[in-house]
file target.cif (mmCIF, C-alpha atoms (C1' of nucleotides))
data_data
#
loop_
_atom_site.group_PDB
_atom_site.id
_atom_site.type_symbol
_atom_site.label_atom_id
_atom_site.label_comp_id
_atom_site.auth_asym_id
_atom_site.auth_seq_id
_atom_site.Cartn_x
_atom_site.Cartn_y
_atom_site.Cartn_z
ATOM 1 C CA MET A 26 11.240 -12.485 12.506
ATOM 2 C CA LYS A 27 7.953 -10.860 11.612
ATOM 3 C CA PHE A 28 7.526 -8.195 8.928
ATOM 4 C CA ALA A 29 4.447 -6.386 7.704
ATOM 5 C CA THR A 30 3.168 -3.795 5.257
ATOM 6 C CA TRP A 31 0.458 -1.213 5.842
ATOM 7 C CA ASN A 32 -0.962 1.763 3.973
ATOM 8 C CA VAL A 33 -1.793 3.939 6.982
ATOM 9 C CA ASN A 34 -3.447 6.870 5.127
ATOM 10 C CA SER A 35 -1.565 9.584 7.033
ATOM 11 C CA LEU A 36 0.934 8.596 9.654
ATOM 12 C CA ARG A 37 0.285 11.669 11.780
ATOM 13 C CA ALA A 38 -3.438 10.908 11.908
ATOM 14 C CA ARG A 39 -2.690 7.247 12.681
ATOM 15 C CA ALA A 40 0.450 7.372 14.863
ATOM 16 C CA ASP A 41 -1.289 6.051 17.985
ATOM 17 C CA ARG A 42 -2.882 3.170 16.128
ATOM 18 C CA VAL A 43 0.376 2.292 14.425
ATOM 19 C CA GLU A 44 2.250 2.257 17.731
ATOM 20 C CA ASP A 45 -0.463 0.180 19.387
ATOM 21 C CA TRP A 46 -0.471 -2.229 16.465
ATOM 22 C CA LEU A 47 3.329 -2.672 16.470
ATOM 23 C CA ASP A 48 3.221 -3.374 20.190
ATOM 24 C CA ALA A 49 0.325 -5.823 19.980
ATOM 25 C CA THR A 50 1.679 -7.612 16.896
ATOM 26 C CA ASP A 51 5.303 -7.620 18.013
ATOM 27 C CA ALA A 52 6.364 -6.932 14.432
ATOM 28 C CA ASP A 53 10.091 -6.489 13.805
ATOM 29 C CA VAL A 54 9.692 -4.565 10.581
ATOM 30 C CA LEU A 55 6.867 -2.482 9.129
ATOM 31 C CA THR A 56 6.779 -0.969 5.661
ATOM 32 C CA ILE A 57 4.468 2.018 5.562
ATOM 33 C CA GLN A 58 2.667 3.729 2.677
ATOM 34 C CA GLU A 59 0.886 7.072 2.508
ATOM 35 C CA THR A 60 2.747 8.709 5.363
ATOM 36 C CA LYS A 61 1.396 11.957 3.853
ATOM 37 C CA CYS A 62 4.106 14.050 5.452
ATOM 38 C CA ARG A 63 7.577 15.502 5.023
ATOM 39 C CA ASP A 64 10.577 14.567 7.128
ATOM 40 C CA GLU A 65 10.100 17.642 9.326
ATOM 41 C CA ASN A 66 6.677 16.520 10.547
ATOM 42 C CA PHE A 67 7.325 12.761 10.600
ATOM 43 C CA PRO A 68 6.648 11.271 14.083
ATOM 44 C CA TRP A 69 10.224 9.988 14.553
ATOM 45 C CA GLY A 70 10.007 9.932 18.333
ATOM 46 C CA ALA A 71 7.216 7.404 18.548
ATOM 47 C CA PHE A 72 9.261 4.853 16.574
ATOM 48 C CA GLU A 73 12.515 5.549 18.345
ATOM 49 C CA MET A 74 10.835 5.165 21.744
ATOM 50 C CA ALA A 75 9.567 1.764 20.636
ATOM 51 C CA GLY A 76 13.037 0.698 19.494
ATOM 52 C CA TYR A 77 12.679 1.040 15.724
ATOM 53 C CA GLN A 78 15.015 2.680 13.251
ATOM 54 C CA VAL A 79 13.121 4.480 10.507
ATOM 55 C CA ALA A 80 13.867 5.506 6.930
ATOM 56 C CA HIS A 81 11.362 7.833 5.281
ATOM 57 C CA PHE A 82 10.869 9.211 1.779
ATOM 58 C CA GLY A 83 8.283 11.979 1.697
ATOM 59 C CA TYR A 84 8.418 15.577 0.512
ATOM 60 C CA SER A 85 4.801 16.753 0.443
ATOM 61 C CA GLN A 86 1.335 16.012 1.814
ATOM 62 C CA TRP A 87 0.902 13.304 -0.821
ATOM 63 C CA ASN A 88 2.246 9.759 -0.987
ATOM 64 C CA GLY A 89 5.211 9.110 1.323
ATOM 65 C CA VAL A 90 6.754 5.705 2.104
ATOM 66 C CA ALA A 91 8.791 4.467 5.045
ATOM 67 C CA ILE A 92 10.384 1.417 6.651
ATOM 68 C CA ALA A 93 10.602 0.923 10.424
ATOM 69 C CA SER A 94 12.880 -1.866 11.663
ATOM 70 C CA ARG A 95 14.352 -3.171 14.886
ATOM 71 C CA VAL A 96 16.414 -5.845 13.076
ATOM 72 C CA GLY A 97 18.680 -3.512 11.124
ATOM 73 C CA LEU A 98 18.074 -0.985 8.367
ATOM 74 C CA ASP A 99 20.947 -0.687 5.938
ATOM 75 C CA ASP A 100 21.697 0.631 2.464
ATOM 76 C CA VAL A 101 18.497 2.696 2.190
ATOM 77 C CA GLN A 102 17.468 3.562 -1.367
ATOM 78 C CA ARG A 103 14.810 6.155 -2.157
ATOM 79 C CA GLY A 104 12.999 5.468 -5.404
ATOM 80 C CA PHE A 105 14.354 2.879 -7.836
ATOM 81 C CA ASN A 106 16.434 2.934 -11.023
ATOM 82 C CA GLY A 107 14.144 3.895 -13.881
ATOM 83 C CA GLN A 108 11.245 5.060 -11.693
ATOM 84 C CA PRO A 109 9.118 7.303 -13.910
ATOM 85 C CA ALA A 110 8.446 10.903 -12.936
ATOM 86 C CA PHE A 111 4.968 12.395 -12.933
ATOM 87 C CA GLY A 112 3.555 15.891 -13.283
ATOM 88 C CA LYS A 113 0.046 16.847 -14.377
ATOM 89 C CA ASN A 114 0.167 17.271 -18.175
ATOM 90 C CA GLY A 115 3.898 16.676 -17.914
ATOM 91 C CA VAL A 116 4.452 19.951 -16.013
ATOM 92 C CA ASP A 117 7.050 19.908 -13.226
ATOM 93 C CA ALA A 118 7.366 16.127 -13.433
ATOM 94 C CA GLN A 119 9.061 14.641 -10.375
ATOM 95 C CA VAL A 120 9.960 11.194 -9.093
ATOM 96 C CA GLU A 121 7.279 10.874 -6.426
ATOM 97 C CA ALA A 122 7.732 9.411 -2.939
ATOM 98 C CA ARG A 123 6.337 5.985 -3.817
ATOM 99 C CA ALA A 124 9.247 3.597 -3.273
ATOM 100 C CA ILE A 125 11.876 3.088 -0.616
ATOM 101 C CA SER A 126 13.950 0.020 0.120
ATOM 102 C CA ALA A 127 16.531 -1.115 2.639
ATOM 103 C CA VAL A 128 18.365 -4.235 3.735
ATOM 104 C CA VAL A 129 16.807 -5.610 6.942
ATOM 105 C CA GLY A 130 17.768 -8.579 9.090
ATOM 106 C CA THR A 131 21.356 -7.495 9.687
ATOM 107 C CA LYS A 132 21.006 -7.670 13.475
ATOM 108 C CA ASN A 133 18.893 -9.086 16.315
ATOM 109 C CA THR A 134 17.606 -11.977 14.214
ATOM 110 C CA ASP A 135 18.622 -15.378 12.883
ATOM 111 C CA VAL A 136 17.113 -14.616 9.489
ATOM 112 C CA GLU A 137 19.539 -13.888 6.668
ATOM 113 C CA PRO A 138 19.359 -10.258 5.528
ATOM 114 C CA PHE A 139 17.191 -9.331 2.553
ATOM 115 C CA ARG A 140 16.180 -6.209 0.656
ATOM 116 C CA LEU A 141 12.712 -5.005 1.564
ATOM 117 C CA TYR A 142 10.671 -2.549 -0.516
ATOM 118 C CA SER A 143 7.849 -0.291 0.640
ATOM 119 C CA LEU A 144 5.793 0.524 -2.460
ATOM 120 C CA TYR A 145 2.871 2.822 -3.092
ATOM 121 C CA VAL A 146 1.853 2.115 -6.684
ATOM 122 C CA PRO A 147 0.005 5.045 -8.307
ATOM 123 C CA ASN A 148 -3.788 4.876 -8.335
ATOM 124 C CA GLY A 149 -4.985 4.815 -11.954
ATOM 125 C CA ARG A 150 -7.867 7.215 -11.097
ATOM 126 C CA SER A 151 -9.837 6.122 -14.205
ATOM 127 C CA LEU A 152 -9.142 3.895 -17.194
ATOM 128 C CA GLU A 153 -8.551 6.903 -19.474
ATOM 129 C CA ASP A 154 -6.715 9.162 -17.010
ATOM 130 C CA GLU A 155 -3.068 9.974 -17.661
ATOM 131 C CA HIS A 156 -2.440 8.633 -14.158
ATOM 132 C CA MET A 157 -3.320 5.168 -15.493
ATOM 133 C CA GLY A 158 -0.482 5.332 -18.006
ATOM 134 C CA TYR A 159 1.781 6.491 -15.221
ATOM 135 C CA LYS A 160 0.678 3.564 -13.040
ATOM 136 C CA LEU A 161 1.382 1.008 -15.788
ATOM 137 C CA ASP A 162 4.738 2.594 -16.544
ATOM 138 C CA PHE A 163 5.626 2.594 -12.842
ATOM 139 C CA LEU A 164 4.910 -1.141 -12.600
ATOM 140 C CA ASP A 165 6.772 -1.928 -15.838
ATOM 141 C CA GLN A 166 9.839 0.011 -14.751
ATOM 142 C CA LEU A 167 9.745 -1.523 -11.291
ATOM 143 C CA HIS A 168 9.564 -4.968 -12.845
ATOM 144 C CA SER A 169 12.551 -4.198 -15.088
ATOM 145 C CA HIS A 170 14.521 -2.904 -12.145
ATOM 146 C CA ILE A 171 13.749 -5.898 -9.916
ATOM 147 C CA THR A 172 14.373 -8.538 -12.581
ATOM 148 C CA SER A 173 17.592 -6.923 -13.802
ATOM 149 C CA ASP A 174 19.495 -8.561 -10.948
ATOM 150 C CA LEU A 175 17.100 -11.312 -9.864
ATOM 151 C CA ASP A 176 18.631 -14.771 -9.647
ATOM 152 C CA ALA A 177 18.377 -17.809 -7.395
ATOM 153 C CA ASN A 178 20.439 -16.091 -4.701
ATOM 154 C CA THR A 179 18.526 -12.812 -4.604
ATOM 155 C CA ARG A 180 16.733 -12.229 -1.321
ATOM 156 C CA VAL A 181 14.032 -9.609 -1.798
ATOM 157 C CA ALA A 182 10.480 -8.803 -0.741
ATOM 158 C CA LEU A 183 8.217 -6.310 -2.522
ATOM 159 C CA THR A 184 5.541 -5.077 -0.168
ATOM 160 C CA GLY A 185 2.905 -2.403 -0.188
ATOM 161 C CA ASP A 186 -0.210 -0.999 -1.783
ATOM 162 C CA TRP A 187 -0.169 -2.224 -5.378
ATOM 163 C CA ASN A 188 -3.535 -0.685 -6.304
ATOM 164 C CA VAL A 189 -4.268 -3.762 -8.432
ATOM 165 C CA ALA A 190 -6.761 -6.558 -7.718
ATOM 166 C CA PRO A 191 -5.041 -9.266 -9.784
ATOM 167 C CA TYR A 192 -7.756 -11.949 -9.709
ATOM 168 C CA ASP A 193 -11.527 -11.829 -10.040
ATOM 169 C CA GLU A 194 -12.032 -12.988 -6.463
ATOM 170 C CA ASP A 195 -10.025 -9.978 -5.236
ATOM 171 C CA VAL A 196 -13.056 -7.697 -5.541
ATOM 172 C CA TRP A 197 -16.513 -8.159 -4.099
ATOM 173 C CA ASP A 198 -18.358 -8.152 -7.429
ATOM 174 C CA MET A 199 -16.387 -8.521 -10.653
ATOM 175 C CA ASP A 200 -19.488 -7.886 -12.784
ATOM 176 C CA PHE A 201 -19.982 -4.544 -11.086
ATOM 177 C CA PHE A 202 -16.374 -3.554 -11.740
ATOM 178 C CA LEU A 203 -16.571 -4.502 -15.415
ATOM 179 C CA GLU A 204 -19.958 -2.889 -16.013
ATOM 180 C CA ASN A 205 -18.769 0.358 -14.479
ATOM 181 C CA GLY A 206 -15.340 0.484 -16.078
ATOM 182 C CA MET A 207 -13.605 0.442 -12.711
ATOM 183 C CA THR A 208 -9.857 0.581 -12.266
ATOM 184 C CA HIS A 209 -7.740 -2.021 -10.386
ATOM 185 C CA VAL A 210 -9.126 -4.967 -12.404
ATOM 186 C CA SER A 211 -8.388 -4.011 -16.033
ATOM 187 C CA GLU A 212 -6.284 -6.358 -18.140
ATOM 188 C CA PRO A 213 -3.387 -3.904 -18.530
ATOM 189 C CA GLU A 214 -3.210 -3.457 -14.760
ATOM 190 C CA ARG A 215 -3.389 -7.186 -14.161
ATOM 191 C CA ARG A 216 -0.728 -7.898 -16.775
ATOM 192 C CA ALA A 217 1.520 -5.326 -15.107
ATOM 193 C CA PHE A 218 1.077 -7.060 -11.755
ATOM 194 C CA ARG A 219 1.351 -10.623 -13.030
ATOM 195 C CA GLN A 220 4.738 -9.904 -14.601
ATOM 196 C CA PHE A 221 6.135 -10.101 -11.095
ATOM 197 C CA GLU A 222 4.582 -13.491 -10.403
ATOM 198 C CA GLU A 223 5.708 -14.744 -13.815
ATOM 199 C CA SER A 224 9.260 -13.712 -12.890
ATOM 200 C CA GLY A 225 9.136 -15.977 -9.871
ATOM 201 C CA LEU A 226 8.069 -13.614 -7.101
ATOM 202 C CA VAL A 227 5.614 -15.300 -4.770
ATOM 203 C CA ASP A 228 2.563 -13.935 -2.962
ATOM 204 C CA VAL A 229 3.194 -15.454 0.470
ATOM 205 C CA VAL A 230 -0.289 -14.661 1.838
ATOM 206 C CA ARG A 231 -2.713 -15.907 -0.809
ATOM 207 C CA PRO A 232 -1.950 -19.636 -0.438
ATOM 208 C CA ARG A 233 -2.569 -19.382 3.322
ATOM 209 C CA HIS A 234 -5.584 -17.101 3.039
ATOM 210 C CA PRO A 235 -7.263 -17.684 -0.299
ATOM 211 C CA GLY A 236 -10.375 -15.837 -1.425
ATOM 212 C CA PRO A 237 -13.052 -15.172 -2.132
ATOM 213 C CA GLU A 238 -13.920 -12.385 0.297
ATOM 214 C CA THR A 239 -10.372 -12.013 1.575
ATOM 215 C CA TYR A 240 -9.570 -8.314 1.338
ATOM 216 C CA THR A 241 -6.989 -5.794 2.533
ATOM 217 C CA TYR A 242 -8.855 -2.557 1.744
ATOM 218 C CA TRP A 243 -12.374 -1.253 2.263
ATOM 219 C CA ASP A 244 -13.425 2.188 1.031
ATOM 220 C CA TYR A 245 -14.476 4.595 3.772
ATOM 221 C CA GLN A 246 -17.653 5.268 1.801
ATOM 222 C CA ARG A 247 -20.870 3.276 1.445
ATOM 223 C CA LEU A 248 -20.431 1.179 4.584
ATOM 224 C CA SER A 249 -17.880 -0.893 2.708
ATOM 225 C CA PHE A 250 -16.402 -2.619 5.731
ATOM 226 C CA PRO A 251 -19.680 -3.734 7.359
ATOM 227 C CA LYS A 252 -20.838 -4.919 3.937
ATOM 228 C CA ASN A 253 -17.425 -6.447 3.205
ATOM 229 C CA THR A 254 -17.287 -4.794 -0.206
ATOM 230 C CA GLY A 255 -13.490 -4.706 -0.194
ATOM 231 C CA MET A 256 -10.535 -5.371 -2.429
ATOM 232 C CA ARG A 257 -7.322 -7.342 -2.066
ATOM 233 C CA ILE A 258 -4.722 -4.861 -3.280
ATOM 234 C CA ASP A 259 -1.950 -4.976 -0.646
ATOM 235 C CA PHE A 260 0.613 -7.709 -1.185
ATOM 236 C CA ILE A 261 3.858 -9.212 0.024
ATOM 237 C CA LEU A 262 5.718 -10.704 -2.938
ATOM 238 C CA ALA A 263 8.897 -12.557 -2.021
ATOM 239 C CA SER A 264 11.736 -14.159 -3.947
ATOM 240 C CA GLN A 265 11.441 -17.933 -3.859
ATOM 241 C CA ASN A 266 14.239 -18.515 -1.357
ATOM 242 C CA LEU A 267 12.671 -16.003 1.030
ATOM 243 C CA ALA A 268 9.149 -17.325 0.432
ATOM 244 C CA ALA A 269 10.407 -20.793 1.399
ATOM 245 C CA GLU A 270 11.341 -19.425 4.830
ATOM 246 C CA VAL A 271 7.870 -17.986 5.493
ATOM 247 C CA THR A 272 6.164 -20.083 8.151
ATOM 248 C CA ASP A 273 2.982 -18.038 8.456
ATOM 249 C CA ALA A 274 1.285 -15.024 6.855
ATOM 250 C CA TRP A 275 -2.001 -13.226 7.346
ATOM 251 C CA ILE A 276 -4.142 -10.139 6.831
ATOM 252 C CA ASP A 277 -4.999 -8.296 10.047
ATOM 253 C CA ARG A 278 -8.646 -7.586 9.284
ATOM 254 C CA GLU A 279 -9.329 -6.564 12.906
ATOM 255 C CA GLU A 280 -7.349 -3.368 12.327
ATOM 256 C CA ARG A 281 -10.157 -1.980 10.141
ATOM 257 C CA LYS A 282 -12.395 -1.862 13.232
ATOM 258 C CA GLY A 283 -12.679 0.689 16.026
ATOM 259 C CA THR A 284 -12.180 4.442 16.012
ATOM 260 C CA GLY A 285 -10.138 6.063 13.273
ATOM 261 C CA PRO A 286 -8.870 3.114 11.219
ATOM 262 C CA SER A 287 -6.969 3.391 7.954
ATOM 263 C CA ASP A 288 -8.927 2.186 4.937
ATOM 264 C CA HIS A 289 -6.194 -0.496 4.492
ATOM 265 C CA VAL A 290 -5.174 -3.155 7.027
ATOM 266 C CA PRO A 291 -1.719 -4.614 7.718
ATOM 267 C CA VAL A 292 -0.484 -7.689 5.855
ATOM 268 C CA VAL A 293 2.016 -9.738 7.857
ATOM 269 C CA ALA A 294 4.582 -12.481 7.211
ATOM 270 C CA GLN A 295 6.454 -14.593 9.751
ATOM 271 C CA LEU A 296 9.928 -15.764 8.768
ATOM 272 C CA GLY A 297 11.345 -18.784 10.528
ATOM 273 C "C1'" DA B 16 -27.380 6.072 -5.075
ATOM 274 C "C1'" DT B 17 -21.877 1.162 -4.596
ATOM 275 C "C1'" DG B 18 -27.347 5.761 0.054
ATOM 276 C "C1'" DG B 19 -23.935 6.590 4.712
ATOM 277 C "C1'" DT B 20 -15.953 9.016 4.195
ATOM 278 C "C1'" DT B 21 -11.330 10.517 5.506
ATOM 279 C "C1'" DG B 22 -7.137 13.364 5.432
ATOM 280 C "C1'" DG B 23 -4.504 17.407 4.202
ATOM 281 C "C1'" DC B 24 -4.998 21.914 4.514
ATOM 282 C "C1'" DG B 25 -7.606 24.776 1.985
ATOM 283 C "C1'" DC B 26 -12.179 26.716 0.958
ATOM 284 C "C1'" DC B 27 -10.971 21.482 -3.232
ATOM 285 C "C1'" DC B 28 -8.144 17.410 -4.341
ATOM 286 C "C1'" DA B 29 -6.887 12.553 -3.837
ATOM 287 C "C1'" DA B 30 -8.295 8.027 -2.712
#

call {"tool": "encode", "arguments": {"input": "target.cif", "output": "structure tokens"}}
result
Amino acid sequence: MKFATWNVNSLRARADRVEDWLDATDADVLTIQETKCRDENFPWGAFEMAGYQVAHFGYSQWNGVAIASRVGLDDVQRGFNGQPAFGKNGVDAQVEARAISAVVGTKNTDVEPFRLYSLYVPNGRSLEDEHMGYKLDFLDQLHSHITSDLDANTRVALTGDWNVAPYDEDVWDMDFFLENGMTHVSEPERRAFRQFEESGLVDVVRPRHPGPETYTYWDYQRLSFPKNTGMRIDFILASQNLAAEVTDAWIDREERKGTGPSDHVPVVAQLG
DNA sequence: ATGGTTGGCGCCCAA
């Protein structure tokens, strides 16, 4: 069973590429971030035609997360307990469409079912922006929620765009980031991310594809992809029992090429 | 100058 995560930067703009990628990769499950649409303009048909069930959480042109699965999709949860709301200057604060989870693996596979999250962690925007506080709070609350019922029997994978580069080698030039006060690499952000690893969740890709210069995202600007000035910010973190079943994992760098790519590429794990 | 953008959907914001 093969599952993947991908920030597609608008599903409507990327539907053809997503369908082509699912077909070529033969992925059983895909968690999607930045669908950038509401249910009424979600491209349901393309997934159904390809044999995938889909659960979506999106209510505006921003954010939006989904899970597509052909190995079962049960007990869908939109958001998570304790997820903080956000509104500019506290006005009209809402729980944004940044988290959805479901149990996958309930059919058409030998793998034992597990809960799979599709996460779009807020971008901090700048170190002083109120969105940075929101980002840190989001990660803290997510960590509390996940660890509240995490034990040796819990089968869970947290996947998505974490908007954090947890280690120095996860950006192309750490000195540049520090000198310019860039987000994604600050100590508070890294602490917020590392809580998950310290609680026993395992990055299943990094050991197989260590850095440096192993990235999942390249800005559209400044010829970032040809120059390989990228960041590793998309991760699959798995509970230890699930991580032990992973037989392969990789970053599909090829997907950044060609006409009309997302600025992120898929990250994939093979189970069994 | 990190020269070089993309998407939504509005005539700017988010990333």

call {"tool": "atom_distance", "arguments": {"input": "target.cif", "atom1": "atom CA of A:Leu141", "atom2": "atom CA of A:Ser126"}}
result
5.4 Å

call {"tool": "resolve_selection", "arguments": {"input": "target.cif", "expression": "the PyMOL selection byres ((chain A and resi 90) around 8)", "output": "PDB file with C-alpha atoms, in the frame of the given file"}}
result
ATOM      1  CA  THR A  56       6.779  -0.969   5.661  1.00  0.00           C
ATOM      2  CA  ILE A  57       4.468   2.018   5.562  1.00  0.00           C
ATOM      3  CA  GLN A  58       2.667   3.729   2.677  1.00  0.00           C
ATOM      4  CA  GLU A  59       0.886   7.072   2.508  1.00  0.00           C
ATOM      5  CA  THR A  60       2.747   8.709   5.363  1.00  0.00           C
ATOM      6  CA  HIS A  81      11.362   7.833   5.281  1.00  0.00           C
ATOM      7  CA  PHE A  82      10.869   9.211   1.779  1.00  0.00           C
ATOM      8  CA  GLY A  83       8.283  11.979   1.697  1.00  0.00           C
ATOM      9  CA  ASN A  88       2.246   9.759  -0.987  1.00  0.00           C
ATOM     10  CA  GLY A  89       5.211   9.110   1.323  1.00  0.00           C
ATOM     11  CA  ALA A  91       8.791   4.467   5.045  1.00  0.00           C
ATOM     12  CA  ILE A  92      10.384   1.417   6.651  1.00  0.00           C
ATOM     13  CA  ALA A 122       7.732   9.411  -2.939  1.00  0.00           C
ATOM     14  CA  ARG A 123       6.337   5.985  -3.817  1.00  0.00           C
ATOM     15  CA  ALA A 124       9.247   3.597  -3.273  1.00  0.00           C
ATOM     16  CA  ILE A 125      11.876   3.088  -0.616  1.00  0.00           C
ATOM     17  CA  SER A 143       7.849  -0.291   0.640  1.00  0.00           C
ATOM     18  CA  LEU A 144       5.793   0.524  -2.460  1.00  0.00           C
ATOM     19  CA  TYR A 145       2.871   2.822  -3.092  1.00  0.00           C
TER      20      TYR A 145
END

call {"tool": "resolve_selection", "arguments": {"input": "target.cif", "expression": "the PyMOL selection byres ((chain B and resi 21) around 12)", "output": "list in words"}}
result
Val33, Asn34, Ser35, Ala38, Arg39, Asp244, Tyr245, Gln246, Gly285, Pro286, Ser287 and Asp288 of chain A; DT20, DG22, DG23, DA29 and DA30 of chain B

call {"tool": "write_last_selection", "arguments": {"input": "target.cif", "atoms": "C-alpha atoms (C1' of nucleotides)", "output": "mmCIF file, keeping the file's coordinate frame"}}
result
data_model
loop_
_atom_site.group_PDB
_atom_site.id
_atom_site.type_symbol
_atom_site.label_atom_id
_atom_site.label_comp_id
_atom_site.auth_asym_id
_atom_site.auth_seq_id
_atom_site.Cartn_x
_atom_site.Cartn_y
_atom_site.Cartn_z
ATOM 1 C CA VAL A 33 -1.793 3.939 6.982
ATOM 2 C CA ASN A 34 -3.447 6.870 5.127
ATOM 3 C CA SER A 35 -1.565 9.584 7.033
ATOM 4 C CA ALA A 38 -3.438 10.908 11.908
ATOM 5 C CA ARG A 39 -2.690 7.247 12.681
ATOM 6 C CA ASP A 244 -13.425 2.188 1.031
ATOM 7 C CA TYR A 245 -14.476 4.595 3.772
ATOM 8 C CA GLN A 246 -17.653 5.268 1.801
ATOM 9 C CA GLY A 285 -10.138 6.063 13.273
ATOM 10 C CA PRO A 286 -8.870 3.114 11.219
ATOM 11 C CA SER A 287 -6.969 3.391 7.954
ATOM 12 C CA ASP A 288 -8.927 2.186 4.937
ATOM 13 C "C1'" DT B 20 -15.953 9.016 4.195
ATOM 14 C "C1'" DG B 22 -7.137 13.364 5.432
ATOM 15 C "C1'" DG B 23 -4.504 17.407 4.202
ATOM 16 C "C1'" DA B 29 -6.887 12.553 -3.837
ATOM 17 C "C1'" DA B 30 -8.295 8.027 -2.712
#

call {"tool": "atom_distance", "arguments": {"input": "target.cif", "atom1": "atom CA of A:Ala269", "atom2": "atom CA of A:Val136"}}
result
12.2 Å

call {"tool": "atom_distance", "arguments": {"input": "target.cif", "atom1": "atom CA of A:Leu296", "atom2": "atom CA of A:Lys27"}}
result
6.0 Å

call {"tool": "residues_near_point", "arguments": {"input": "target.cif", "point": "(-6.2, -4.6, -15.4)", "cutoff": "12 Å", "atoms": "all atoms listed in the file", "output": "number ranges by chain"}}
result
A: 149, 151-152, 157-158, 160-161, 164, 187-193, 199, 202-203, 206-219

call {"tool": "residues_around", "arguments": {"input": "target.cif", "residues": "A:Asp273", "least_positions_apart": "3", "cutoff": "8 Å", "atoms": "only C-alpha atoms (C1' of nucleotides)", "output": "ChimeraX atom specification"}}
result
/A:233,294-296

call {"tool": "closest_residue", "arguments": {"input": "target.cif", "among": "A:Asp200, A:Asp228, A:Asp48, A:Asp53", "to": "A:Thr134", "atoms": "all atoms listed in the file"}}
result
A:Asp53

call {"tool": "residues_around", "arguments": {"input": "target.cif", "residues": "A:Asp195", "least_positions_apart": "6", "cutoff": "9 Å", "atoms": "all atoms listed in the file", "output": "PyMOL selection string"}}
result
chain A and resi 210+236-240+255-258

call {"tool": "closest_residue", "arguments": {"input": "target.cif", "among": "A:Val181, A:Ala52, A:Leu36, A:Val96", "to": "chain B", "atoms": "only C-alpha atoms (C1' of nucleotides)"}}
result
A:Leu36

call {"tool": "residues_around", "arguments": {"input": "target.cif", "residues": "B:DG18", "least_positions_apart": "3", "cutoff": "12 Å", "atoms": "all atoms listed in the file", "output": "count of residues only"}}
result
4
